[in-house]
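Next up, work-v4.txt (compact mmCIF, C-alpha atoms and all ligand atoms):
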# COMPACT_ATOMS: atom_id res chain seq x y z
CA MET A 1 52.65 89.12 118.52
CA ALA A 2 50.25 86.13 118.52
CA SER A 3 47.49 86.47 115.91
CA THR A 4 43.80 86.39 116.88
CA PRO A 5 42.42 82.82 116.93
CA LYS A 6 40.28 81.87 113.95
CA HIS A 7 36.64 81.48 114.87
CA ILE A 8 35.31 78.11 113.71
CA VAL A 9 31.63 77.29 114.05
CA CYS A 10 30.97 73.53 114.19
CA ILE A 11 27.39 72.55 113.37
CA VAL A 12 25.59 69.52 114.78
CA GLY A 13 21.98 68.66 114.03
CA THR A 14 21.20 64.96 114.29
CA ARG A 15 22.54 61.88 116.10
CA PRO A 16 25.04 60.83 113.40
CA GLU A 17 26.36 64.39 113.08
CA GLY A 18 26.91 64.48 116.83
CA ILE A 19 28.86 61.21 116.74
CA LYS A 20 30.93 62.13 113.71
CA MET A 21 31.63 65.75 114.67
CA ALA A 22 32.53 64.99 118.31
CA PRO A 23 36.13 63.82 117.69
CA LEU A 24 36.74 66.75 115.36
CA ILE A 25 35.29 69.31 117.79
CA LYS A 26 37.45 67.95 120.58
CA ALA A 27 40.56 67.99 118.38
CA LEU A 28 39.90 71.57 117.27
CA GLN A 29 39.32 72.68 120.86
CA ARG A 30 42.92 71.64 121.60
CA GLU A 31 44.34 73.92 118.87
CA PRO A 32 45.62 77.29 120.15
CA TRP A 33 44.95 79.04 116.80
CA ALA A 34 41.25 78.05 116.80
CA ARG A 35 38.29 79.41 118.76
CA VAL A 36 35.47 76.86 118.50
CA THR A 37 31.76 77.56 118.78
CA VAL A 38 29.50 74.50 118.81
CA LEU A 39 26.15 75.31 117.25
CA ALA A 40 23.44 72.69 117.72
CA THR A 41 20.50 73.10 115.38
CA ALA A 42 18.87 70.26 117.36
CA GLN A 43 17.10 68.99 114.24
CA HIS A 44 17.10 65.96 116.54
CA ARG A 45 16.47 66.78 120.18
CA GLY A 46 16.78 63.67 122.37
CA LEU A 47 19.05 61.70 120.04
CA LEU A 48 21.52 64.57 119.67
CA ASP A 49 21.56 65.37 123.38
CA GLN A 50 22.44 61.74 124.14
CA VAL A 51 25.57 61.72 122.01
CA LEU A 52 26.79 65.19 122.94
CA ALA A 53 26.51 64.23 126.61
CA LEU A 54 28.50 61.03 126.01
CA PHE A 55 31.36 62.99 124.42
CA GLY A 56 31.15 65.80 126.99
CA ILE A 57 30.25 68.48 124.44
CA VAL A 58 28.04 71.36 125.55
CA PRO A 59 26.68 73.45 122.68
CA ASP A 60 27.41 77.18 122.87
CA VAL A 61 24.32 77.91 120.79
CA ASP A 62 21.17 75.80 120.52
CA LEU A 63 18.50 76.57 117.92
CA ASP A 64 16.12 73.92 119.28
CA ILE A 65 14.67 73.37 115.80
CA MET A 66 12.97 69.96 116.16
CA ARG A 67 9.18 69.68 116.02
CA PRO A 68 7.31 66.35 116.19
CA GLY A 69 6.76 64.87 112.72
CA GLN A 70 8.58 67.74 111.00
CA ALA A 71 8.14 68.03 107.23
CA LEU A 72 11.13 68.85 105.04
CA PRO A 73 10.02 72.32 103.82
CA GLU A 74 9.23 73.68 107.29
CA LEU A 75 12.39 72.11 108.72
CA THR A 76 14.48 73.69 105.95
CA ALA A 77 12.84 77.09 106.39
CA ARG A 78 13.42 77.13 110.16
CA LEU A 79 17.03 76.04 109.71
CA ILE A 80 17.82 78.70 107.11
CA THR A 81 16.41 81.59 109.12
CA GLY A 82 17.78 80.32 112.45
CA LEU A 83 21.28 79.69 111.09
CA ASP A 84 21.38 82.99 109.23
CA GLU A 85 20.56 84.96 112.35
CA LYS A 86 23.24 83.12 114.39
CA PHE A 87 25.93 83.32 111.71
CA GLY A 88 25.27 87.08 111.63
CA GLU A 89 25.85 87.33 115.39
CA LEU A 90 28.81 84.92 115.53
CA ASP A 91 30.66 86.30 112.49
CA PRO A 92 32.81 83.16 112.04
CA HIS A 93 35.90 82.70 109.85
CA VAL A 94 34.88 79.14 108.96
CA ILE A 95 31.79 76.94 109.23
CA LEU A 96 32.10 73.14 109.44
CA ALA A 97 29.33 70.58 109.13
CA GLN A 98 29.20 66.83 108.55
CA GLY A 99 27.19 64.59 106.28
CA ASP A 100 23.98 64.89 104.35
CA THR A 101 21.12 66.01 106.58
CA THR A 102 18.90 69.03 106.05
CA THR A 103 20.95 70.80 108.75
CA VAL A 104 24.08 70.40 106.63
CA MET A 105 22.44 71.56 103.40
CA ALA A 106 21.01 74.63 105.15
CA ALA A 107 24.33 75.43 106.86
CA ALA A 108 26.18 75.24 103.53
CA MET A 109 23.62 77.51 101.86
CA VAL A 110 23.67 80.12 104.59
CA ALA A 111 27.49 80.03 104.71
CA PHE A 112 27.40 80.71 100.96
CA TYR A 113 24.95 83.62 101.31
CA ARG A 114 27.15 85.11 104.02
CA ARG A 115 30.36 84.35 102.09
CA VAL A 116 31.89 82.39 104.93
CA PRO A 117 34.15 79.46 103.84
CA PHE A 118 32.41 76.13 104.45
CA GLY A 119 34.17 72.85 105.24
CA HIS A 120 32.26 69.65 104.45
CA VAL A 121 33.11 66.64 106.58
CA GLU A 122 32.23 63.26 104.98
CA ALA A 123 32.15 64.87 101.54
CA GLY A 124 31.95 63.10 98.18
CA LEU A 125 29.49 60.29 98.98
CA ARG A 126 27.16 59.67 96.04
CA THR A 127 24.60 57.17 94.79
CA HIS A 128 23.92 59.32 91.69
CA ASP A 129 20.20 58.82 92.32
CA LEU A 130 18.32 61.79 93.77
CA GLY A 131 15.55 59.51 95.06
CA ASN A 132 17.86 57.19 97.02
CA PRO A 133 18.54 58.26 99.66
CA PHE A 134 15.91 61.01 99.75
CA PRO A 135 16.55 63.85 100.40
CA GLU A 136 20.17 63.19 101.43
CA GLU A 137 21.64 62.77 97.93
CA MET A 138 20.45 66.28 97.04
CA ASN A 139 21.75 67.64 100.35
CA ARG A 140 25.21 66.25 99.58
CA LEU A 141 25.25 67.60 96.05
CA LEU A 142 24.34 71.10 97.22
CA ALA A 143 26.77 71.09 100.13
CA GLY A 144 29.47 69.70 97.84
CA HIS A 145 29.17 72.56 95.41
CA LEU A 146 29.23 75.19 98.16
CA SER A 147 32.30 73.95 100.03
CA ARG A 148 35.77 75.46 100.31
CA TRP A 149 37.16 72.24 101.84
CA HIS A 150 35.95 68.72 101.02
CA PHE A 151 37.04 66.16 103.62
CA VAL A 152 36.34 62.86 101.88
CA PRO A 153 36.52 59.51 103.73
CA THR A 154 37.93 57.49 100.82
CA GLU A 155 39.53 57.81 97.40
CA ARG A 156 36.14 56.97 95.87
CA GLY A 157 34.75 60.23 97.27
CA ARG A 158 37.59 62.17 95.70
CA GLN A 159 36.86 60.61 92.32
CA ASN A 160 33.14 61.45 92.64
CA LEU A 161 33.93 65.10 93.31
CA LEU A 162 36.53 65.37 90.53
CA ARG A 163 33.91 64.04 88.08
CA GLU A 164 31.63 66.89 89.18
CA GLY A 165 34.32 69.43 88.34
CA ILE A 166 35.39 70.17 91.93
CA ASP A 167 38.94 71.54 92.20
CA GLY A 168 41.25 68.69 93.27
CA ALA A 169 43.26 71.06 95.49
CA ALA A 170 40.18 71.54 97.71
CA ILE A 171 39.66 67.78 98.24
CA HIS A 172 41.38 65.98 101.13
CA VAL A 173 41.15 62.22 101.72
CA THR A 174 41.00 61.95 105.51
CA GLY A 175 39.06 58.81 106.42
CA ASN A 176 35.73 59.04 108.20
CA THR A 177 35.60 60.56 111.68
CA VAL A 178 33.08 57.85 112.62
CA VAL A 179 36.00 55.46 113.07
CA ASP A 180 37.66 57.95 115.46
CA ALA A 181 34.47 57.99 117.53
CA LEU A 182 33.94 54.24 117.30
CA LEU A 183 37.45 53.34 118.44
CA GLU A 184 37.20 55.71 121.40
CA VAL A 185 33.86 54.31 122.53
CA ALA A 186 34.54 50.63 121.70
CA ALA A 187 37.68 50.70 123.85
CA THR A 188 35.54 51.16 126.97
CA GLY A 189 33.68 47.83 127.28
CA ARG A 190 30.30 48.00 129.05
CA THR A 191 27.77 45.59 130.43
CA LEU A 192 24.45 45.71 128.64
CA ASP A 193 21.27 46.28 130.55
CA LEU A 194 18.99 44.61 127.98
CA PRO A 195 16.70 41.56 128.20
CA LEU A 196 18.82 39.45 125.83
CA ASP A 197 19.11 35.68 125.96
CA PRO A 198 22.80 34.63 125.83
CA SER A 199 21.83 31.28 124.30
CA LYS A 200 20.36 32.98 121.20
CA ARG A 201 22.16 34.55 118.26
CA LEU A 202 21.41 38.26 118.18
CA VAL A 203 20.17 39.94 115.02
CA LEU A 204 20.37 43.73 115.37
CA LEU A 205 17.95 45.77 113.29
CA THR A 206 17.77 49.51 112.58
CA ALA A 207 15.59 51.24 109.98
CA HIS A 208 14.68 54.87 109.52
CA ARG A 209 15.18 56.08 105.92
CA ARG A 210 12.47 58.30 104.45
CA GLU A 211 12.43 56.43 101.11
CA ASN A 212 11.59 53.26 103.07
CA PHE A 213 8.55 54.73 104.84
CA GLY A 214 5.32 52.85 104.13
CA GLU A 215 5.39 49.57 102.25
CA PRO A 216 9.19 49.01 102.18
CA LEU A 217 9.37 49.32 105.98
CA ARG A 218 6.39 46.99 106.33
CA GLU A 219 8.20 44.47 104.10
CA VAL A 220 11.26 44.72 106.33
CA CYS A 221 9.10 44.00 109.39
CA ARG A 222 7.44 41.03 107.68
CA ALA A 223 10.90 39.68 106.80
CA VAL A 224 11.89 39.91 110.47
CA LEU A 225 8.77 38.02 111.51
CA GLU A 226 9.57 35.26 109.03
CA LEU A 227 13.21 35.08 110.10
CA VAL A 228 12.28 34.65 113.75
CA GLU A 229 9.82 31.93 112.84
CA ARG A 230 12.32 30.06 110.65
CA HIS A 231 15.26 30.31 113.06
CA PRO A 232 14.33 29.36 116.64
CA ASP A 233 17.88 30.12 117.83
CA ILE A 234 17.80 33.84 117.01
CA GLU A 235 16.37 36.90 118.71
CA VAL A 236 16.01 40.36 117.21
CA LEU A 237 16.77 43.67 118.89
CA TYR A 238 15.31 46.74 117.21
CA PRO A 239 16.11 50.12 118.81
CA VAL A 240 13.32 52.02 117.08
CA HIS A 241 14.00 55.46 115.62
CA PRO A 242 11.57 58.02 117.13
CA ASN A 243 10.34 59.26 113.75
CA PRO A 244 6.56 58.67 114.01
CA ASN A 245 6.52 57.07 110.52
CA VAL A 246 8.85 54.38 111.85
CA LEU A 247 7.58 53.98 115.37
CA ALA A 248 3.96 53.33 114.37
CA VAL A 249 4.82 50.59 111.86
CA ALA A 250 7.37 48.92 114.15
CA ARG A 251 4.88 48.76 117.02
CA GLU A 252 2.02 47.55 114.82
CA LEU A 253 3.92 44.74 113.08
CA LEU A 254 6.60 43.72 115.57
CA GLY A 255 5.27 44.75 118.99
CA GLY A 256 4.62 42.02 121.57
CA ARG A 257 6.23 39.22 119.51
CA GLU A 258 8.33 36.51 121.06
CA ARG A 259 12.09 36.91 120.49
CA ILE A 260 11.62 40.40 119.02
CA HIS A 261 12.68 43.20 121.37
CA LEU A 262 11.64 46.72 120.45
CA CYS A 263 13.38 49.38 122.51
CA GLU A 264 14.04 53.09 122.57
CA PRO A 265 17.08 54.28 120.61
CA LEU A 266 20.14 53.22 122.56
CA ASP A 267 22.81 55.65 123.72
CA TYR A 268 25.84 55.39 121.47
CA ALA A 269 28.04 53.46 123.93
CA PRO A 270 25.51 50.64 124.51
CA PHE A 271 24.69 50.64 120.81
CA VAL A 272 28.35 50.00 119.98
CA GLU A 273 28.31 47.21 122.58
CA VAL A 274 25.20 45.72 120.97
CA GLN A 275 26.89 45.80 117.56
CA LYS A 276 29.82 43.91 119.10
CA ARG A 277 27.40 41.37 120.61
CA ALA A 278 25.35 40.92 117.38
CA TYR A 279 25.74 37.93 115.10
CA LEU A 280 24.27 39.77 112.14
CA ILE A 281 23.07 43.34 111.46
CA LEU A 282 20.16 44.40 109.26
CA THR A 283 20.04 48.14 108.64
CA ASP A 284 19.31 51.02 106.31
CA SER A 285 21.57 53.35 108.32
CA GLY A 286 24.59 55.07 106.85
CA GLY A 287 26.71 55.09 110.00
CA VAL A 288 26.05 51.45 110.86
CA GLN A 289 27.34 50.45 107.40
CA GLU A 290 30.63 52.09 108.38
CA GLU A 291 30.91 50.84 111.95
CA ALA A 292 29.84 47.20 111.68
CA PRO A 293 32.55 46.17 109.18
CA ALA A 294 35.16 47.67 111.49
CA LEU A 295 33.72 45.49 114.28
CA GLY A 296 33.75 42.39 112.05
CA LYS A 297 29.97 42.07 111.79
CA PRO A 298 28.21 41.12 108.54
CA VAL A 299 25.68 43.73 107.43
CA LEU A 300 22.70 43.39 105.12
CA VAL A 301 21.69 46.85 103.89
CA MET A 302 17.97 47.16 103.27
CA ARG A 303 18.23 49.78 100.56
CA ASN A 304 18.38 49.78 96.77
CA GLU A 305 21.48 51.97 96.56
CA THR A 306 24.37 52.79 98.81
CA GLU A 307 26.72 55.77 98.78
CA ARG A 308 29.16 53.60 100.73
CA PRO A 309 30.12 50.92 98.18
CA GLU A 310 33.60 50.28 99.59
CA ALA A 311 32.48 47.69 102.15
CA VAL A 312 30.21 46.07 99.54
CA ASP A 313 33.23 45.72 97.25
CA GLU A 314 35.17 44.19 100.15
CA GLY A 315 32.39 41.59 100.48
CA VAL A 316 31.53 42.44 104.11
CA VAL A 317 28.31 44.37 103.41
CA ARG A 318 25.53 43.26 101.05
CA LEU A 319 22.87 45.43 99.51
CA VAL A 320 19.62 43.48 99.68
CA GLY A 321 16.83 46.02 99.08
CA THR A 322 13.53 45.87 100.96
CA ASP A 323 11.88 42.86 99.37
CA ARG A 324 10.75 40.47 102.12
CA GLU A 325 11.80 37.26 100.34
CA ARG A 326 15.24 38.59 99.45
CA ILE A 327 15.93 39.76 103.02
CA VAL A 328 14.82 36.39 104.43
CA ALA A 329 16.94 34.48 101.89
CA GLU A 330 20.10 36.55 102.43
CA ALA A 331 19.81 36.55 106.22
CA SER A 332 19.03 32.82 106.31
CA ARG A 333 22.09 32.11 104.17
CA LEU A 334 24.28 33.82 106.79
CA LEU A 335 22.48 32.12 109.67
CA ASP A 336 22.70 28.65 108.11
CA ASP A 337 25.99 28.63 106.23
CA ALA A 338 29.07 29.09 108.43
CA ASP A 339 31.41 29.58 105.45
CA ALA A 340 29.25 32.32 103.94
CA TYR A 341 29.14 33.94 107.38
CA ARG A 342 32.92 33.76 107.89
CA GLN A 343 33.55 35.41 104.53
CA MET A 344 31.53 38.42 105.63
CA ALA A 345 32.79 38.61 109.21
CA ARG A 346 36.35 39.55 108.35
CA GLY A 347 36.65 42.87 110.18
CA VAL A 348 37.78 45.25 107.46
CA SER A 349 37.57 49.01 107.88
CA PRO A 350 37.55 50.74 104.50
CA TYR A 351 36.28 54.00 105.99
CA GLY A 352 39.11 55.04 108.24
CA ASP A 353 41.85 54.32 110.74
CA GLY A 354 40.79 56.54 113.65
CA LYS A 355 42.92 59.52 112.57
CA ALA A 356 40.47 61.42 110.36
CA SER A 357 39.97 64.29 112.81
CA ALA A 358 43.72 64.84 113.12
CA ARG A 359 44.02 65.01 109.33
CA ILE A 360 41.15 67.50 109.03
CA VAL A 361 42.66 69.67 111.76
CA GLY A 362 46.00 69.50 109.92
CA VAL A 363 44.44 70.83 106.70
CA LEU A 364 42.65 73.64 108.55
CA ARG A 365 45.76 74.52 110.57
CA GLU A 366 47.79 74.91 107.42
CA ALA A 367 45.13 77.07 105.79
CA LEU A 368 44.25 79.24 108.78
CA ALA A 369 46.91 79.29 111.48
CA SER A 370 49.01 82.26 110.45
C1 LIG B 401 17.30 62.60 109.92
C2 LIG B 401 18.01 62.92 108.60
C3 LIG B 401 18.61 61.66 108.01
C4 LIG B 401 19.48 60.95 109.03
C5 LIG B 401 18.71 60.71 110.31
C6 LIG B 401 19.64 60.14 111.36
C7 LIG B 401 17.10 64.69 107.17
C8 LIG B 401 16.07 65.04 106.18
N1 LIG B 401 17.03 63.43 107.64
O1 LIG B 401 16.20 61.76 109.63
O2 LIG B 401 19.39 61.99 106.89
O3 LIG B 401 19.87 59.71 108.48
O4 LIG B 401 18.20 61.97 110.79
O5 LIG B 401 18.90 59.55 112.39
O6 LIG B 401 17.94 65.50 107.49
N2 LIG B 401 12.47 62.63 116.49
C9 LIG B 401 12.30 62.69 117.86
N3 LIG B 401 13.43 62.82 118.65
C10 LIG B 401 14.67 62.91 118.14
C11 LIG B 401 14.84 62.82 116.74
C12 LIG B 401 13.72 62.69 115.93
O7 LIG B 401 11.21 62.62 118.37
O8 LIG B 401 15.64 63.03 118.90
C13 LIG B 401 11.27 62.50 115.63
C14 LIG B 401 10.49 63.84 115.57
O9 LIG B 401 9.12 63.55 115.47
C15 LIG B 401 11.00 64.43 114.25
C16 LIG B 401 11.11 63.17 113.41
O10 LIG B 401 11.64 62.17 114.29
O11 LIG B 401 10.14 65.39 113.71
C17 LIG B 401 11.94 63.30 112.17
O12 LIG B 401 13.20 63.87 112.42
P1 LIG B 401 14.07 64.37 111.15
O13 LIG B 401 15.41 64.86 111.63
O14 LIG B 401 13.28 65.30 110.30
O15 LIG B 401 14.24 63.07 110.28
P2 LIG B 401 14.93 61.69 110.59
O16 LIG B 401 14.06 60.66 110.00
O17 LIG B 401 15.32 61.62 112.00
N1 LIG B 402 23.07 54.59 116.81
C1 LIG B 402 22.94 54.75 118.19
N2 LIG B 402 21.85 54.22 118.82
C2 LIG B 402 20.88 53.54 118.14
C3 LIG B 402 21.01 53.39 116.74
C4 LIG B 402 22.11 53.93 116.10
O1 LIG B 402 23.81 55.36 118.83
O2 LIG B 402 19.92 53.09 118.77
C5 LIG B 402 24.26 55.18 116.13
C6 LIG B 402 25.03 54.25 115.21
O3 LIG B 402 26.04 53.57 115.91
C7 LIG B 402 25.60 55.21 114.17
C8 LIG B 402 24.60 56.32 114.13
O4 LIG B 402 23.77 56.19 115.27
O5 LIG B 402 26.84 55.77 114.60
C9 LIG B 402 23.79 56.21 112.86
O6 LIG B 402 22.70 57.05 112.96
P1 LIG B 402 21.41 56.83 112.08
O7 LIG B 402 21.30 55.41 111.67
O8 LIG B 402 20.29 57.44 112.84
O9 LIG B 402 21.67 57.78 110.83
P2 LIG B 402 22.47 57.62 109.45
O10 LIG B 402 23.84 57.16 109.75
O11 LIG B 402 21.69 56.68 108.61
O12 LIG B 402 22.42 59.00 108.89
I need this file expressed as structure tokens, please.
Amino acid sequence: MASTPKHIVCIVGTRPEGIKMAPLIKALQREPWARVTVLATAQHRGLLDQVLALFGIVPDVDLDIMRPGQALPELTARLITGLDEKFGELDPHVILAQGDTTTVMAAAMVAFYRRVPFGHVEAGLRTHDLGNPFPEEMNRLLAGHLSRWHFVPTERGRQNLLREGIDGAAIHVTGNTVVDALLEVAATGRTLDLPLDPSKRLVLLTAHRRENFGEPLREVCRAVLELVERHPDIEVLYPVHPNPNVLAVARELLGGRERIHLCEPLDYAPFVEVQKRAYLILTDSGGVQEEAPALGKPVLVMRNETERPEAVDEGVVRLVGTDRERIVAEASRLLDDADAYRQMARGVSPYGDGKASARIVGVLREALAS
């Protein structure tokens, strides 16, 4: 007699969780031993909806958590009570979540309170500095210590967890599911509907980290102004994150400037296309640090620490902080020096080979499908 399928609740909260969970959700949905419920906390509303629509995923449950300008304590409180109520109703065998957002931390905590095994996708990333990134490093630490399965992208993640006393048998090196998503989307080339000048080199900019709010973000914007002034053959595209702390500064310092295009966040497919089209990428994003090297694009990371040092070690990503002069100097070096550029545009992919979801499903199948 066939056994009852195991009920797996997959959590998605923000844009990057949607992108990185999508290939795994779709792979699990194909498994006969698994019954999948997709639970959207909608910590992000518009940004999450965009990516779920692209991958054809319709949430079974939607907590609709997002409020404009949400503060961390109120966000956390709403997530904990909302998730607890739903986990009570759904009564899952397993809960899976990805990354380091407040959604993930809350899901891991509520899974722990309810004694439901929790699987952490993209586990083991660390900067070892609770202030950078804030609050994500704390979210990862908490989720890491509450997980039954740790799906780490690279060997480095495994070493980080072993040093924290995590049982090696619970750690699985799978690669990052972002590469699964990227390869699927990058394979379908698209035309871009953006006001870009083909005769200019494109510098793509994204910035949204909480620890960069205020003066660091203003420094980043001033660096962009200087770069555009110094290099008449470049233009900058900045899809601005809707967080009001970002939007206000971007509009004030970069709005209405020649060769600087501010736009709404792009859907994932056009954003991948824009990364392919870019000459150089400036970012403080986690996901972009993983995708751009796979697409052969040099990345300057405007942060003081990164939990993704593999691409830095490979020499295809550089950590430049948020000091205006340093950003201008590092970007100008890549714009002016073809050899320096070539060394960084080598197209290495330390974070995965596109088969991470299959590996994660394999681990879960072995543990649950009997
Ligand atoms: C969150 C995550 C961060 C992740 C980022 C990905 C936390 C604490 N932060 O940061 O780790 O890198 O998502 O983008 O978990 N907003 C909208 N529409 C949206 C999304 C956001 O208007 O679709 C605005 C709202 O005003 C919202 C604000 O942005 O209140 C902040 O959203 P929040 O999820 O708290 O923080 P992010 O900065 O997006
Ligand atoms: N992204 C997108 N549209 C944009 C900017 C980013 O689809 O306008 C994608 C990007 O390709 C990456 C993910 O969003 O996969 C990264 O999300 P974000 O930078 O918001 O968060 P982080 O990765 O820093 O947590």
- [ ] Write as a ChimeraX atom specification the residues around ligand LIG 402 (chain B), taking 9 Å as the cut-off and counting only C-alpha atoms and all ligand atoms.
- [x] /A:14-20,47,50-51,99-101,136,178,181-182,205-209,238-241,263-272,275,283-292
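Nearest residue to Gly69 (chain A), choosing from A:Val173, A:Val246, A:Leu183, A:Leu24 and counting only C-alpha atoms: A:Val246.
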Contacts of Gly82 (chain A) at 10 Å (only C-alpha atoms; same-chain gap of 5+ positions) as an mmCIF file with C-alpha atoms, in the coordinates of the input:
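Saved to part01.cif:
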data_model
loop_
_atom_site.group_PDB
_atom_site.id
_atom_site.type_symbol
_atom_site.label_atom_id
_atom_site.label_comp_id
_atom_site.auth_asym_id
_atom_site.auth_seq_id
_atom_site.Cartn_x
_atom_site.Cartn_y
_atom_site.Cartn_z
ATOM 1 C CA THR A 41 20.500 73.100 115.380
ATOM 2 C CA ASP A 62 21.170 75.800 120.520
ATOM 3 C CA LEU A 63 18.500 76.570 117.920
ATOM 4 C CA ASP A 64 16.120 73.920 119.280
ATOM 5 C CA ILE A 65 14.670 73.370 115.800
ATOM 6 C CA THR A 76 14.480 73.690 105.950
ATOM 7 C CA ALA A 77 12.840 77.090 106.390
ATOM 8 C CA PHE A 87 25.930 83.320 111.710
ATOM 9 C CA ALA A 106 21.010 74.630 105.150
ATOM 10 C CA ALA A 107 24.330 75.430 106.860
ATOM 11 C CA VAL A 110 23.670 80.120 104.590
#
- [ ] Just give me the gap between CA of Pro133 (chain A) and CA of Gly321 (chain A) in Å, one decimal is fine.
- [x] 12.4 Å
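Take CA of Glu314 (chain A) and CA of Pro293 (chain A): the distance between them is 9.6 Å.
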List as a CSV table (one decimal) with C-alpha atoms, in the frame of the given file the residues having at least one atom at most 7 Å from position (42.5, 71.7, 115.0) as given in the file, counting all atoms listed in the file.
chain,number,residue,atom,x,y,z
A,27,ALA,CA,40.6,68.0,118.4
A,28,LEU,CA,39.9,71.6,117.3
A,29,GLN,CA,39.3,72.7,120.9
A,30,ARG,CA,42.9,71.6,121.6
A,31,GLU,CA,44.3,73.9,118.9
A,34,ALA,CA,41.2,78.0,116.8
A,361,VAL,CA,42.7,69.7,111.8
A,362,GLY,CA,46.0,69.5,109.9
A,364,LEU,CA,42.6,73.6,108.6
A,365,ARG,CA,45.8,74.5,110.6
Open item on the list: Between CA of Glu215 (chain A) and CA of Glu258 (chain A), what is the distance in Å, rounded to a tenth?
Closed with: 23.1 Å
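When all atoms listed in the file are used to measure the gap to Val299 (chain A), the shortest distance among A:Val203, A:Ala22, A:Ala250, A:Val228 belongs to A:Val203.
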- [ ] Find the residues near Arg308 (chain A): any atom within 10 Å, counting only C-alpha atoms, skip ones fewer than 5 places away on the same chain, and give them as a PyMOL selection string.
- [x] chain A and resi 125-127+153-154+156-157+286-287+289-290+313+317+350-351
TODO: Using all atoms listed in the file, find the one residue out of A:His231, A:Lys26, A:Arg324, A:His172 that sits nearest to Arg218 (chain A).
DONE: A:Arg324
Task: Shell of 7 Å around Leu146 (chain A), all atoms listed in the file, local chain residues under 2 positions omitted, as a PyMOL selection string - done: chain A and resi 108+112+142-144+148
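Closest approach to ligand LIG 401 (chain B) among A:His261, A:Arg140, A:His120, A:His7: A:Arg140, based on all atoms listed in the file.
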With N, CA, C and O atoms as the target, complete region 176-187 of chain A and hand it back as a short mmCIF file (atom, residue, chain, number, x, y, z; two decimals), in the frame of the given file.
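Here's the written file part-v2.cif:
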data_model
loop_
_atom_site.label_atom_id
_atom_site.label_comp_id
_atom_site.auth_asym_id
_atom_site.auth_seq_id
_atom_site.Cartn_x
_atom_site.Cartn_y
_atom_site.Cartn_z
N ASN A 176 36.97 58.57 107.60
CA ASN A 176 35.73 59.04 108.20
C ASN A 176 35.90 59.18 109.72
O ASN A 176 36.38 58.25 110.38
N THR A 177 35.47 60.32 110.24
CA THR A 177 35.60 60.56 111.68
C THR A 177 34.78 59.57 112.51
O THR A 177 34.98 59.47 113.72
N VAL A 178 33.86 58.84 111.86
CA VAL A 178 33.08 57.85 112.62
C VAL A 178 34.00 56.80 113.23
O VAL A 178 33.74 56.29 114.32
N VAL A 179 35.08 56.48 112.53
CA VAL A 179 36.00 55.46 113.07
C VAL A 179 36.74 56.02 114.29
O VAL A 179 36.98 55.31 115.26
N ASP A 180 37.05 57.32 114.28
CA ASP A 180 37.66 57.95 115.46
C ASP A 180 36.73 57.77 116.66
O ASP A 180 37.16 57.37 117.75
N ALA A 181 35.45 58.07 116.44
CA ALA A 181 34.47 57.99 117.53
C ALA A 181 34.29 56.54 117.98
O ALA A 181 34.28 56.24 119.18
N LEU A 182 34.17 55.66 117.00
CA LEU A 182 33.94 54.24 117.30
C LEU A 182 35.07 53.65 118.14
O LEU A 182 34.84 52.97 119.13
N LEU A 183 36.31 53.92 117.73
CA LEU A 183 37.45 53.34 118.44
C LEU A 183 37.50 53.86 119.88
O LEU A 183 37.78 53.10 120.81
N GLU A 184 37.18 55.15 120.04
CA GLU A 184 37.20 55.71 121.40
C GLU A 184 36.15 55.02 122.27
O GLU A 184 36.43 54.59 123.39
N VAL A 185 34.96 54.86 121.73
CA VAL A 185 33.86 54.31 122.53
C VAL A 185 34.00 52.79 122.70
O VAL A 185 33.76 52.26 123.79
N ALA A 186 34.45 52.10 121.63
CA ALA A 186 34.54 50.63 121.70
C ALA A 186 35.61 50.18 122.69
O ALA A 186 35.55 49.08 123.23
N ALA A 187 36.59 51.07 122.94
CA ALA A 187 37.68 50.70 123.85
C ALA A 187 37.19 50.58 125.29
O ALA A 187 37.80 49.89 126.11
#
